[in-house]
Amino acid sequence: MSSRERILGRVRRALADVPGEDAPIERAYLREHGDRSVEETVELLAENLADYRAIVHRCTTADLPATLAGMLAARGTKTVLVPPGLEPSWLAEAEAGQVPDRVESTPDELDRVDSVVTACAVAIAETGTIVLDGSPDQGRRRITLVPDHHICVVRVPDQVVSSVPQALERLDPVRPLTWISGPSATSDIELDRVEGVHGPRTLEVVLVADQASAEVNS
Amino acid sequence: MSGTFVGMPAFPRAAHEAVNNQTLRGNLRHATHTIRAKRANAVAEVSDWAELREAGKRIKDHTLRHLDRYLVQLEESVVAAGGTVHWAADADEANEIVTQLVKMTGESEVVKVKSMATQEIGLNEALEAAGIRAYETDLAELIVQLGKDRPSHILVPAIHRNRGEIRDIFEREMGEWGRPAPEGLTDTPAELAEAARLHLREKFLRAKVGVSGANFMVADTGTLVVVESEGNGRMCLTLPETLISVVGIEKIVPTWQDLEVFLQTLPRSSTAERMNPYTSTWTGTTDEDGPQNFHLVLLDNGRSDTLADEVGRQALRCIRCSACLNVCPVYERAGGHAYGSVYPGPIGAILSPQLRGTASEIDASLPYASSLCGACYEVCPVAIDIPEVLVHLRERVVQGGPVVREGNKVVLKPAKGHAAERAAMRAARWAFAHPGVLRTGQRAASRTRRLHPRTLPGPGKAWSGTRDLPAVPAEPFRDWWQRTNGGTSETGGSK
Ligand code: SF4
């Protein structure tokens with residue numbers, strides 16, 4: 001008998017006493033917590049991101065290239081990893097050398113790159129989380145992992161949801177997903193929080209709104 | 001379960017040693033109290049916690065009730081997504097499967113994400129015996145591995161180590177395993193973390209095989225989920241060419257939507273965060289992104305036996321958040337090592353004796369490693385009634401009875417050394433049923449209390465040898481109650 005059959009047989013015998021009918025799974029929990037306007041949801045995202053030690057920036061679509069160029073320059077970035085589908089205009093003003101994300105690039109090559117810029121799939125306000133799903137403007141999972149500095153651009157309010165349940169609805173489980181809430185962190189040494197043991201030590205999130213809504217905001 | 005813990009003394013003895021270890025007690029107290037307070041805040045932020053807890057419980061119960069069906073569905077989904085599924089009835093079989101899979105890649109080292117399932121089966125030791133080196137990559141697990149030590153907490157496995165000790169371990173051992181610690185390493189957490197980063201990065205960048213566990217497996221999509229903080233998980237899950245995940249069969253949830261419950265309750269219960277820094281999900285393999293070979297090893301190793309126990313099966317709902325450890329007054333003093341298992345604390349006290357049986361001394365003693373205060377049940381995000389299972393297991397240890405071991409029904413004999421306790425329990429039951437006798441006995445005990453020994457003589461010795469007998473109060477409670485009118489007047493009485 002194969003182990004598969006053995007295990008399934010044991011499971012079935014173990015359940016022999018269980019009555020057939022099933023209590024329905026009640027989902028009495030909330031789809032989101034609190035009653036917020038769209039602006040307030042974006043505000044909450046910014047707050048929670050910052051609370052988890054991500055650095056938050058805001059700008060309009062028109063200002064994005066200058067904002068990104070400024071951020072990279074401020075950090076002294078010489079090379080920046082670029083996913084294949086990243087909107088080319090975003091990095092039009094950046095002075096850093098652009099390194100395309102290639103299948104062949106080795107982890108060692110990625111390790112030598114200073115920064116990476118990506119878009120995201122969805123951002124969750126209540127938890128301060130950005131989710132990447134490997135789409136062309138986000139690239140392979142490893143490019144946001146090996147370099148020490150990750151800049152993620154979130155289009156607000158379109159890409160922002162309130163809660164975890166709302167995020168899961170939007171995401172495709174077939175894609176490999178990376179949920180990021182702040183930079184890599186550990187509390188393993190006497191519970192002192194230290195940023196970045198393995199993943200990027202610095203996470204910067206740019207909340208970008210188109211002109212109109214940015215004006216409404218200000 | 002794991003070879004690591006063979007020869008562990010039974011809980012009472014191990015706990016006795018731990019209680020006398022000042023450093024350990026201090027560290028544990030600090031850790032459990034800090035996490036406990038933070039957790040309460042994180043939970044208070046979500047107004048529907050009770051509903052989430054109830055839903056989590058029901059989803060898990062439903063899954064367990066149809067576990068055979070969901071296992072088959074999961075297998076189909078994983079295979080359809082490009083993965084390979086293996087079934088392991090016990091630890092030896094799981095170790096053999098993983099060893100063969102690694103050998104087939106031609107590699108002699110693997111990087112590992114912290115995983116309780118692989119600790120449970122003693123995978124590192126099995127790989128070592130086959131000439132394969134397994135590198136733990138979680139910072140705490142690295143500290144434990146380099147220190148030739150055992151984890152003591154589910155969430156912060158090296159909590160029993162101070163920064164000074166960690167520095168010394170790094171300086172002494174890192175060179176043996178790869179990149180040595182930097183010159184002049186101090187004991188600041190940031191410097192220690194940096195040393196670990198450099199040491200481990202070297203391994204990640206060259207690793208061809210990764211080994212992980214998983215927090216959840218989604219039956220309808222074949223998705224696996226790993227929840228972590230440091231990014232070492234992401235490294236192991238995405239950089240190697242081959243990924244092998246060893247996961248207990250109880251870790252299934254039926255649908256993608258079900259994750260919405262656990263991704264809310266797990267981080268808040270565990271690290272007291274709204275969301276942990278990183279969560280990775282993957283479904284089979286993805287072209288040009290991450291490992292191109294994915295193997296899932298489904299591990300039974302006592303889980304189907306646990307499922308056969310009507311009262312005890314609820315332990316399989318556990319999502320390993322470790323909240324029950326942090327509220328447990330016994331764990332706080334005894335420490336994680338005293339439990340002689342990779343599963344310490346209240347959950348360990350009910351899970352280990354079920355997975356391993358109660359034949360060994362340590363396993364027979366674990367159901368007693370509790371004050372039955374109920375705090376663990378209150379805090380559990382899937383509402384496992386740990387006290388209920390503890391009492392159930394005590395009964396089994398003391399009285400014996402039918403259980404399922406390796407799929408077969410067997411009848412257990414009462415455990416040795418518990419005959420006296422059985423007699424004591426019977427006597428207590430009788431006394432409680434005869435209040436007059438109890439009263440007389442208590443008064444007699446109070447009057448003679450100075451003469452009471454700290455251990456019981458004769459057949460009571462085995463029982464009291466593992467317990468510090470409480471001092472007998474100067475006055476029985478019921479006398480005090482009557483004398484003071486239920487505590488309303490200290491002097492006046494209704495005598
Ligand atoms: S028993 Fe409950 S509280 Fe304890 S680790 Fe498991 S899920 Fe968490």
# chains A, B, ... in the order shown; residues from 1 in each chain; ligands from 1

$ residues_near_ligand --ligand "ligand 1" --cutoff "9 Å" --atoms "only C-alpha atoms and all ligand atoms" --output "ChimeraX atom specification"
/B:154,266,269-270,315-326,343,345-348,350-351,376-386

$ interface_residues --of "chain B" --to "chain A" --cutoff "6 Å" --atoms "only C-alpha atoms" --output "PyMOL selection string"
chain B and resi 48+51-52+58+68+87+89+140+156+190+193+197+205+229-232+260+274-275+277-283+289+304+307-308+407

$ select_by_dssp --residues "range 77-195 of chain A" --states "helix (DSSP H, G or I)" --output "PyMOL selection string"
chain A and resi 88-91+107-111+141-144+164-170

$ closest_residue --among "B:Thr242, B:Thr265, B:Thr286, B:Gln73" --to "Glu109 in chain B" --atoms "only C-alpha atoms"
B:Thr242

$ select_by_dssp --residues "range 228-332 of chain B" --states "strand (DSSP E)" --output "PyMOL selection string"
chain B and resi 228+242-248+252-253+278-283+293-299

$ write_last_selection --atoms "N, CA, C and O atoms" --output "PDB file, in the first residue's frame"
ATOM      1  N   GLU B 228       6.298  35.588   7.323  1.00  0.00           N
ATOM      2  CA  GLU B 228       7.589  35.787   8.007  1.00  0.00           C
ATOM      3  C   GLU B 228       7.911  37.264   8.169  1.00  0.00           C
ATOM      4  O   GLU B 228       7.142  38.124   7.746  1.00  0.00           O
ATOM      5  N   THR B 242      15.402  24.548  -6.908  1.00  0.00           N
ATOM      6  CA  THR B 242      14.477  23.524  -6.414  1.00  0.00           C
ATOM      7  C   THR B 242      13.974  23.927  -5.039  1.00  0.00           C
ATOM      8  O   THR B 242      14.752  24.361  -4.196  1.00  0.00           O
ATOM      9  N   LEU B 243      12.664  23.800  -4.832  1.00  0.00           N
ATOM     10  CA  LEU B 243      12.076  24.104  -3.532  1.00  0.00           C
ATOM     11  C   LEU B 243      11.336  22.872  -3.027  1.00  0.00           C
ATOM     12  O   LEU B 243      10.532  22.282  -3.763  1.00  0.00           O
ATOM     13  N   ILE B 244      11.655  22.473  -1.796  1.00  0.00           N
ATOM     14  CA  ILE B 244      10.975  21.329  -1.180  1.00  0.00           C
ATOM     15  C   ILE B 244      10.249  21.842   0.061  1.00  0.00           C
ATOM     16  O   ILE B 244      10.885  22.387   0.964  1.00  0.00           O
ATOM     17  N   SER B 245       8.935  21.675   0.115  1.00  0.00           N
ATOM     18  CA  SER B 245       8.169  22.138   1.274  1.00  0.00           C
ATOM     19  C   SER B 245       7.590  20.938   2.005  1.00  0.00           C
ATOM     20  O   SER B 245       6.917  20.104   1.399  1.00  0.00           O
ATOM     21  N   VAL B 246       7.883  20.858   3.306  1.00  0.00           N
ATOM     22  CA  VAL B 246       7.368  19.766   4.130  1.00  0.00           C
ATOM     23  C   VAL B 246       6.258  20.352   5.002  1.00  0.00           C
ATOM     24  O   VAL B 246       6.504  21.251   5.801  1.00  0.00           O
ATOM     25  N   VAL B 247       5.039  19.853   4.823  1.00  0.00           N
ATOM     26  CA  VAL B 247       3.902  20.492   5.494  1.00  0.00           C
ATOM     27  C   VAL B 247       2.980  19.434   6.097  1.00  0.00           C
ATOM     28  O   VAL B 247       2.653  18.436   5.449  1.00  0.00           O
ATOM     29  N   GLY B 248       2.572  19.664   7.334  1.00  0.00           N
ATOM     30  CA  GLY B 248       1.619  18.767   7.997  1.00  0.00           C
ATOM     31  C   GLY B 248       0.280  18.763   7.270  1.00  0.00           C
ATOM     32  O   GLY B 248      -0.163  19.801   6.777  1.00  0.00           O
ATOM     33  N   ILE B 252      -4.262  22.637   5.777  1.00  0.00           N
ATOM     34  CA  ILE B 252      -5.077  23.021   4.621  1.00  0.00           C
ATOM     35  C   ILE B 252      -6.164  24.017   4.991  1.00  0.00           C
ATOM     36  O   ILE B 252      -6.717  23.959   6.088  1.00  0.00           O
ATOM     37  N   VAL B 253      -6.447  24.951   4.095  1.00  0.00           N
ATOM     38  CA  VAL B 253      -7.719  25.669   4.119  1.00  0.00           C
ATOM     39  C   VAL B 253      -8.380  25.397   2.773  1.00  0.00           C
ATOM     40  O   VAL B 253      -7.693  25.213   1.772  1.00  0.00           O
ATOM     41  N   TYR B 278       6.626  40.269   5.741  1.00  0.00           N
ATOM     42  CA  TYR B 278       6.521  39.593   4.441  1.00  0.00           C
ATOM     43  C   TYR B 278       5.575  38.397   4.490  1.00  0.00           C
ATOM     44  O   TYR B 278       5.638  37.582   5.404  1.00  0.00           O
ATOM     45  N   THR B 279       4.738  38.292   3.466  1.00  0.00           N
ATOM     46  CA  THR B 279       3.976  37.068   3.246  1.00  0.00           C
ATOM     47  C   THR B 279       4.190  36.663   1.792  1.00  0.00           C
ATOM     48  O   THR B 279       4.055  37.500   0.897  1.00  0.00           O
ATOM     49  N   SER B 280       4.565  35.419   1.573  1.00  0.00           N
ATOM     50  CA  SER B 280       4.749  34.929   0.204  1.00  0.00           C
ATOM     51  C   SER B 280       3.704  33.872  -0.097  1.00  0.00           C
ATOM     52  O   SER B 280       3.424  33.023   0.747  1.00  0.00           O
ATOM     53  N   THR B 281       3.127  33.942  -1.287  1.00  0.00           N
ATOM     54  CA  THR B 281       2.262  32.845  -1.733  1.00  0.00           C
ATOM     55  C   THR B 281       2.751  32.380  -3.096  1.00  0.00           C
ATOM     56  O   THR B 281       3.204  33.181  -3.902  1.00  0.00           O
ATOM     57  N   TRP B 282       2.735  31.084  -3.294  1.00  0.00           N
ATOM     58  CA  TRP B 282       3.100  30.577  -4.619  1.00  0.00           C
ATOM     59  C   TRP B 282       2.227  29.381  -4.952  1.00  0.00           C
ATOM     60  O   TRP B 282       1.766  28.664  -4.059  1.00  0.00           O
ATOM     61  N   THR B 283       1.974  29.218  -6.242  1.00  0.00           N
ATOM     62  CA  THR B 283       1.098  28.155  -6.708  1.00  0.00           C
ATOM     63  C   THR B 283       1.880  27.353  -7.731  1.00  0.00           C
ATOM     64  O   THR B 283       2.121  27.829  -8.843  1.00  0.00           O
ATOM     65  N   ASN B 293      11.494  23.722  -9.975  1.00  0.00           N
ATOM     66  CA  ASN B 293      11.052  22.423  -9.470  1.00  0.00           C
ATOM     67  C   ASN B 293      10.464  22.632  -8.091  1.00  0.00           C
ATOM     68  O   ASN B 293      11.142  23.159  -7.203  1.00  0.00           O
ATOM     69  N   PHE B 294       9.222  22.216  -7.918  1.00  0.00           N
ATOM     70  CA  PHE B 294       8.594  22.374  -6.613  1.00  0.00           C
ATOM     71  C   PHE B 294       8.048  21.030  -6.120  1.00  0.00           C
ATOM     72  O   PHE B 294       7.272  20.376  -6.824  1.00  0.00           O
ATOM     73  N   HIS B 295       8.489  20.634  -4.927  1.00  0.00           N
ATOM     74  CA  HIS B 295       8.015  19.387  -4.317  1.00  0.00           C
ATOM     75  C   HIS B 295       7.302  19.678  -3.011  1.00  0.00           C
ATOM     76  O   HIS B 295       7.834  20.386  -2.159  1.00  0.00           O
ATOM     77  N   LEU B 296       6.118  19.129  -2.873  1.00  0.00           N
ATOM     78  CA  LEU B 296       5.374  19.248  -1.620  1.00  0.00           C
ATOM     79  C   LEU B 296       5.349  17.884  -0.946  1.00  0.00           C
ATOM     80  O   LEU B 296       4.902  16.897  -1.542  1.00  0.00           O
ATOM     81  N   VAL B 297       5.855  17.830   0.296  1.00  0.00           N
ATOM     82  CA  VAL B 297       5.824  16.581   1.059  1.00  0.00           C
ATOM     83  C   VAL B 297       4.734  16.719   2.123  1.00  0.00           C
ATOM     84  O   VAL B 297       4.849  17.526   3.045  1.00  0.00           O
ATOM     85  N   LEU B 298       3.662  15.945   1.974  1.00  0.00           N
ATOM     86  CA  LEU B 298       2.551  15.997   2.926  1.00  0.00           C
ATOM     87  C   LEU B 298       2.847  15.035   4.072  1.00  0.00           C
ATOM     88  O   LEU B 298       3.009  13.838   3.874  1.00  0.00           O
ATOM     89  N   LEU B 299       2.915  15.588   5.278  1.00  0.00           N
ATOM     90  CA  LEU B 299       3.384  14.836   6.438  1.00  0.00           C
ATOM     91  C   LEU B 299       2.237  14.438   7.367  1.00  0.00           C
ATOM     92  O   LEU B 299       1.458  15.279   7.796  1.00  0.00           O
TER      93      LEU B 299
END

$ closest_residue --among "B:Ala219, B:Val113, B:Val227, B:Leu200" --to "Ala80 in chain B" --atoms "only C-alpha atoms"
B:Ala219

$ closest_residue --among "B:Ala272, B:Val411, B:Ala196, B:Ile121" --to "Ala42 in chain B" --atoms "only C-alpha atoms"
B:Ala272

$ closest_residue --among "A:Ala54, A:Ala209, A:Leu44, A:Ala119" --to "Asp137 in chain A" --atoms "only C-alpha atoms"
A:Ala119

$ atom_distance --atom1 "CA of Asn20 in chain B" --atom2 "CA of Lys38 in chain B"
27.7 Å

$ residues_around --residues "Leu372 in chain B" --least-positions-apart "3" --cutoff "12 Å" --atoms "only C-alpha atoms" --output "number ranges by chain"
B: 328-330, 346, 349, 367-369, 375-378, 385-391, 394

$ write_last_selection --atoms "all heavy atoms" --output "compact mmCIF listing (two decimals), in the first residue's frame"
# COMPACT_ATOMS: atom_id res chain seq x y z
N CYS B 328 0.86 31.93 29.19
CA CYS B 328 0.84 30.78 30.09
C CYS B 328 1.77 30.99 31.28
O CYS B 328 2.97 31.17 31.11
CB CYS B 328 1.26 29.52 29.34
SG CYS B 328 1.33 28.07 30.42
N PRO B 329 1.23 30.98 32.51
CA PRO B 329 2.08 31.18 33.68
C PRO B 329 3.09 30.05 33.87
O PRO B 329 4.15 30.28 34.44
CB PRO B 329 1.08 31.23 34.84
CG PRO B 329 -0.17 30.61 34.34
CD PRO B 329 -0.19 30.81 32.86
N VAL B 330 2.76 28.88 33.40
CA VAL B 330 3.70 27.76 33.55
C VAL B 330 4.85 27.92 32.56
O VAL B 330 6.03 27.83 32.90
CB VAL B 330 2.99 26.40 33.34
CG1 VAL B 330 3.99 25.26 33.41
CG2 VAL B 330 1.90 26.22 34.38
N PRO B 346 1.42 25.64 26.13
CA PRO B 346 0.12 24.94 26.19
C PRO B 346 -0.18 24.09 24.96
O PRO B 346 -0.62 22.95 25.09
CB PRO B 346 -0.87 26.09 26.32
CG PRO B 346 -0.10 27.17 27.00
CD PRO B 346 1.30 27.06 26.46
N ALA B 349 1.80 21.01 25.11
CA ALA B 349 1.34 20.08 26.14
C ALA B 349 0.19 19.21 25.65
O ALA B 349 -0.02 18.12 26.14
CB ALA B 349 0.92 20.87 27.38
N PRO B 367 0.66 16.60 29.88
CA PRO B 367 -0.69 17.09 30.20
C PRO B 367 -0.79 17.73 31.58
O PRO B 367 -1.79 18.37 31.89
CB PRO B 367 -1.55 15.83 30.12
CG PRO B 367 -0.81 14.90 29.21
CD PRO B 367 0.64 15.18 29.48
N TYR B 368 0.25 17.55 32.40
CA TYR B 368 0.24 18.16 33.73
C TYR B 368 0.98 19.49 33.76
O TYR B 368 1.02 20.15 34.79
CB TYR B 368 0.86 17.19 34.75
CG TYR B 368 0.01 15.96 34.89
CD1 TYR B 368 0.18 14.87 34.05
CD2 TYR B 368 -1.02 15.93 35.82
CE1 TYR B 368 -0.64 13.76 34.14
CE2 TYR B 368 -1.85 14.82 35.92
CZ TYR B 368 -1.65 13.74 35.08
OH TYR B 368 -2.48 12.67 35.16
N ALA B 369 1.56 19.86 32.62
CA ALA B 369 2.34 21.09 32.58
C ALA B 369 1.42 22.30 32.42
O ALA B 369 1.55 23.09 31.50
CB ALA B 369 3.35 21.03 31.44
N ALA B 375 -6.19 30.73 30.33
CA ALA B 375 -5.74 31.89 29.56
C ALA B 375 -5.42 31.51 28.11
O ALA B 375 -5.64 32.29 27.18
CB ALA B 375 -4.53 32.52 30.22
N CYS B 376 -4.91 30.31 27.92
CA CYS B 376 -4.53 29.87 26.57
C CYS B 376 -5.76 29.75 25.66
O CYS B 376 -5.71 30.07 24.47
CB CYS B 376 -3.79 28.54 26.63
SG CYS B 376 -4.58 27.29 27.66
N TYR B 377 -6.85 29.29 26.24
CA TYR B 377 -8.08 29.17 25.45
C TYR B 377 -8.61 30.56 25.07
O TYR B 377 -8.98 30.80 23.92
CB TYR B 377 -9.12 28.39 26.26
CG TYR B 377 -10.52 28.42 25.67
CD1 TYR B 377 -10.76 27.90 24.40
CD2 TYR B 377 -11.57 28.97 26.39
CE1 TYR B 377 -12.03 27.94 23.86
CE2 TYR B 377 -12.85 29.00 25.85
CZ TYR B 377 -13.07 28.49 24.58
OH TYR B 377 -14.32 28.54 24.04
N GLU B 378 -8.59 31.46 26.02
CA GLU B 378 -9.07 32.82 25.79
C GLU B 378 -8.36 33.47 24.61
O GLU B 378 -8.94 34.18 23.80
CB GLU B 378 -8.80 33.69 27.02
CG GLU B 378 -9.67 33.36 28.22
CD GLU B 378 -11.11 33.72 27.96
OE1 GLU B 378 -11.35 34.86 27.53
OE2 GLU B 378 -11.98 32.85 28.16
N ASP B 385 -9.81 24.59 22.83
CA ASP B 385 -10.06 24.51 24.27
C ASP B 385 -8.94 23.65 24.88
O ASP B 385 -9.11 22.47 25.15
CB ASP B 385 -11.44 23.91 24.54
CG ASP B 385 -11.86 24.11 25.99
OD1 ASP B 385 -10.97 24.32 26.84
OD2 ASP B 385 -13.07 24.02 26.26
N ILE B 386 -7.81 24.29 25.07
CA ILE B 386 -6.63 23.57 25.55
C ILE B 386 -6.87 22.91 26.92
O ILE B 386 -6.54 21.75 27.10
CB ILE B 386 -5.38 24.49 25.54
CG1 ILE B 386 -5.08 24.90 24.09
CG2 ILE B 386 -4.16 23.79 26.16
CD1 ILE B 386 -3.91 25.84 23.93
N PRO B 387 -7.49 23.64 27.87
CA PRO B 387 -7.74 22.98 29.16
C PRO B 387 -8.59 21.72 29.02
O PRO B 387 -8.31 20.71 29.67
CB PRO B 387 -8.49 24.06 29.96
CG PRO B 387 -8.02 25.35 29.38
CD PRO B 387 -7.81 25.08 27.92
N GLU B 388 -9.58 21.75 28.17
CA GLU B 388 -10.42 20.57 27.97
C GLU B 388 -9.57 19.38 27.48
O GLU B 388 -9.70 18.26 27.98
CB GLU B 388 -11.52 20.87 26.95
CG GLU B 388 -12.44 19.69 26.70
CD GLU B 388 -13.38 19.88 25.50
OE1 GLU B 388 -13.11 20.76 24.65
OE2 GLU B 388 -14.37 19.14 25.42
N VAL B 389 -8.70 19.65 26.52
CA VAL B 389 -7.87 18.56 25.99
C VAL B 389 -6.87 18.09 27.04
O VAL B 389 -6.58 16.89 27.15
CB VAL B 389 -7.16 19.00 24.70
CG1 VAL B 389 -6.35 17.84 24.11
CG2 VAL B 389 -8.16 19.51 23.66
N LEU B 390 -6.35 19.02 27.83
CA LEU B 390 -5.40 18.64 28.89
C LEU B 390 -6.04 17.67 29.87
O LEU B 390 -5.47 16.64 30.21
CB LEU B 390 -4.94 19.89 29.66
CG LEU B 390 -3.89 20.76 28.97
CD1 LEU B 390 -3.77 22.10 29.68
CD2 LEU B 390 -2.54 20.06 28.94
N VAL B 391 -7.24 18.01 30.30
CA VAL B 391 -7.93 17.15 31.27
C VAL B 391 -8.21 15.79 30.63
O VAL B 391 -8.02 14.74 31.25
CB VAL B 391 -9.23 17.83 31.75
CG1 VAL B 391 -10.07 16.86 32.57
CG2 VAL B 391 -8.90 19.07 32.56
N ARG B 394 -5.01 13.89 30.61
CA ARG B 394 -4.65 13.43 31.95
C ARG B 394 -5.41 12.15 32.27
O ARG B 394 -4.85 11.20 32.81
CB ARG B 394 -5.01 14.49 33.00
CG ARG B 394 -4.08 15.67 32.99
CD ARG B 394 -4.43 16.67 34.06
NE ARG B 394 -3.60 17.85 33.89
CZ ARG B 394 -3.55 18.86 34.75
NH1 ARG B 394 -4.30 18.83 35.84
NH2 ARG B 394 -2.78 19.89 34.51

$ atom_distance --atom1 "CA of Val117 in chain A" --atom2 "CA of Val82 in chain A"
6.1 Å

$ residues_around --residues "Glu204 in chain A" --least-positions-apart "3" --cutoff "7 Å" --atoms "only C-alpha atoms" --output "short mmCIF file (atom, residue, chain, number, x, y, z; two decimals) with N, CA, C and O atoms, in the first residue's frame"
data_model
loop_
_atom_site.label_atom_id
_atom_site.label_comp_id
_atom_site.auth_asym_id
_atom_site.auth_seq_id
_atom_site.Cartn_x
_atom_site.Cartn_y
_atom_site.Cartn_z
N ALA A 54 8.16 52.36 6.80
CA ALA A 54 8.40 52.65 5.39
C ALA A 54 8.43 54.17 5.28
O ALA A 54 7.79 54.86 6.07
N ILE A 55 9.18 54.69 4.29
CA ILE A 55 9.21 56.13 4.09
C ILE A 55 8.19 56.47 3.01
O ILE A 55 8.22 55.90 1.92
N VAL A 56 7.25 57.36 3.34
CA VAL A 56 6.15 57.63 2.42
C VAL A 56 6.33 58.97 1.74
O VAL A 56 6.64 59.98 2.38
N HIS A 150 14.21 49.51 -1.89
CA HIS A 150 13.07 49.28 -2.78
C HIS A 150 12.15 50.51 -2.79
O HIS A 150 11.72 50.96 -1.73
N ILE A 151 11.90 51.02 -3.98
CA ILE A 151 10.91 52.09 -4.13
C ILE A 151 9.69 51.50 -4.82
O ILE A 151 9.80 50.90 -5.89
N CYS A 152 8.54 51.65 -4.19
CA CYS A 152 7.32 51.10 -4.77
C CYS A 152 6.32 52.22 -5.03
O CYS A 152 6.05 53.04 -4.15
#

$ residues_around --residues "Asn301 in chain B" --least-positions-apart "3" --cutoff "7 Å" --atoms "only C-alpha atoms" --output "PDB file with N, CA, C and O atoms, in the first residue's frame"
ATOM      1  N   ALA B  89       4.129   9.053   5.698  1.00  0.00           N
ATOM      2  CA  ALA B  89       3.336   8.597   6.835  1.00  0.00           C
ATOM      3  C   ALA B  89       4.003   8.935   8.165  1.00  0.00           C
ATOM      4  O   ALA B  89       3.334   9.182   9.150  1.00  0.00           O
ATOM      5  N   ASP B  90       5.335   8.953   8.179  1.00  0.00           N
ATOM      6  CA  ASP B  90       6.017   9.274   9.434  1.00  0.00           C
ATOM      7  C   ASP B  90       7.298  10.050   9.158  1.00  0.00           C
ATOM      8  O   ASP B  90       7.632  10.351   8.011  1.00  0.00           O
ATOM      9  N   ALA B  91       8.021  10.346  10.242  1.00  0.00           N
ATOM     10  CA  ALA B  91       9.218  11.179  10.142  1.00  0.00           C
ATOM     11  C   ALA B  91      10.273  10.530   9.242  1.00  0.00           C
ATOM     12  O   ALA B  91      10.853  11.188   8.378  1.00  0.00           O
ATOM     13  N   LEU B 355       0.692  13.501  19.138  1.00  0.00           N
ATOM     14  CA  LEU B 355       1.468  13.103  17.967  1.00  0.00           C
ATOM     15  C   LEU B 355       2.365  11.913  18.303  1.00  0.00           C
ATOM     16  O   LEU B 355       2.566  11.031  17.484  1.00  0.00           O
TER      17      LEU B 355
END

$ atom_distance --atom1 "CA of Glu310 in chain B" --atom2 "CA of Asn95 in chain B"
29.5 Å

$ residues_around --residues "range 157-169 of chain B" --least-positions-apart "6" --cutoff "8 Å" --atoms "only C-alpha atoms" --output "PyMOL selection string"
(chain A and resi 188-190) or (chain B and resi 23-24+27-28+31+140-141+143-144+146-147+150-151+185-189+192)
